[in-house]
Structures are given as C-alpha cells and as structure tokens.
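S.K.: Sharing a structure with you now.
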Amino acid sequence: MAATPLTDAELVRALTGLPGWSVRDGKLTAAFKADRSAVPGLYAAVATAEDEADHHAEVTILYGTIGFALNTHDAGDVITALDTAMAARLTALAAEHGARPVGE
C-alpha cells in the first residue's frame, strides 16, 4: 500500500467499516475493553501483526482497556491506507480475544 495521505472522503469511507475508531489529533484511534486476563494475549497478537506489517501503533494498556493510535510516520505523520488496514486488523484481533470497542 502506498503511504500517501487519505483524502477526507476516503477517511470517512474507511471509518464506516471500523467500529469504535475515530480521528483524534491527526491519528486514527480506538480503545477496546476486555477481561483483564485477555489483554496480554491480545497484545501479543497485536505485536505479531504489527511486526508482520512493519507498521506499529501507539499502544496503551490500562486494566482491561487497550488503546491504539495510528498514523504513518514515513508519510509525515498523516493517516494513510496503511493505518486503516492496520486498524481493521487490530479490530479483528480484539474481537478474537473477546474485546469490544469502548462505548459499545
């Protein structure tokens, strides 16, 4: 995938397929809630997926909540298709580990 910034229309379209994700401070962000015991396994799966894609999120963990923030540094810290693809992967991994978007 090219590391070019998404247009506003492309980003809006991408967000319709990414439940729980939004744009905050120029980053694609989401937080997922899970049983606390599931978070380490989820994070291990996330780290593997990030390494495979060579694209990494900022990750925060607090009790049973794991948060992600994505943008593409190589493109000037903007949101690209790399970020929306990783967000989709992180959403799938969260669901596999019983996590749901915060607020759902």
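As shown in the structure tokens, the chain order sets the letters A, B, ...; within each chain, residues go from 1, and ligands are also counted from 1 in the order they appear.
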List the spatial neighbours of Glu58 of chain A as an NGL selection string - criterion: any atom at most 10 Å away, only C-alpha atoms, same-chain residues fewer than 5 positions off excluded.
M.R.: :A and (27 or 29 or 67-71)
S.K.: Using only C-alpha atoms, which residues sit within 12 Å of Ala49 of chain A once same-chain residues fewer than 2 positions away are excluded, as a count of residues only?
M.R.: 23
S.K.: Write out as a list in words the set of residues from segment 32-94 of chain A that DSSP, computed on the backbone, places in strand (DSSP E or B).
M.R.: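 Matching residues for strand (DSSP E or B) in segment 32-94 of chain A are Phe32, Lys33, Glu58, Val59, Thr60, Ile61, Leu62, Thr65, Ile66, Gly67, Phe68, Ala69, Leu70, Thr72, Val78 and Thr80 of chain A.
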S.K.: If you measure from atom CA of Glu10 of chain A to atom CA of Glu50 of chain A, what distance in Å do you get, rounded to one decimal?
M.R.: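 One can read the atom CA of Glu10 of chain A to atom CA of Glu50 of chain A distance as 22.7 Å.
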S.K.: With a distance cut-off of 7 Å and only C-alpha atoms, select the neighbouring residues of segment 33-41 of chain A, excluding the residue or stretch itself and same-chain residues fewer than 4 positions from it, and output the selection as a ChimeraX atom specification.
M.R.: /A:45,63-66,97-102
S.K.: Go ahead and save the residues from that selection, with C-alpha atoms, as a PDB file, in the first residue's frame.
M.R.:
ATOM      1  CA  ALA A  45      -1.214 -10.974  18.841  1.00  0.00           C
ATOM      2  CA  TYR A  63      -6.558  -2.563  33.335  1.00  0.00           C
ATOM      3  CA  GLY A  64      -8.926  -4.214  30.857  1.00  0.00           C
ATOM      4  CA  THR A  65      -8.673  -1.494  28.219  1.00  0.00           C
ATOM      5  CA  ILE A  66      -6.217  -1.459  25.327  1.00  0.00           C
ATOM      6  CA  HIS A  97      -9.796 -12.044  22.130  1.00  0.00           C
ATOM      7  CA  GLY A  98     -13.270 -11.078  23.324  1.00  0.00           C
ATOM      8  CA  ALA A  99     -12.625  -7.338  23.314  1.00  0.00           C
ATOM      9  CA  ARG A 100     -15.230  -4.826  22.190  1.00  0.00           C
ATOM     10  CA  PRO A 101     -14.876  -1.152  21.298  1.00  0.00           C
ATOM     11  CA  VAL A 102     -15.247   1.064  24.362  1.00  0.00           C
TER      12      VAL A 102
END
S.K.: For Asp8 of chain A, work out the shell of residues within 12 Å, counting only C-alpha atoms and skipping chain neighbours fewer than 6 positions away, then give it as a short mmCIF file (atom, residue, chain, number, x, y, z; two decimals) with C-alpha atoms, in the first residue's frame.
M.R.:
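As a result, result-v3.cif now contains:
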data_model
loop_
_atom_site.label_atom_id
_atom_site.label_comp_id
_atom_site.auth_asym_id
_atom_site.auth_seq_id
_atom_site.Cartn_x
_atom_site.Cartn_y
_atom_site.Cartn_z
CA ALA A 14 -12.87 3.85 5.83
CA LEU A 15 -14.30 4.81 9.23
CA VAL A 23 -9.72 10.59 14.30
CA GLY A 26 -4.30 13.57 13.48
CA VAL A 78 -0.74 11.54 8.48
CA ILE A 79 -3.39 8.84 8.19
CA THR A 80 -2.89 6.54 5.21
#
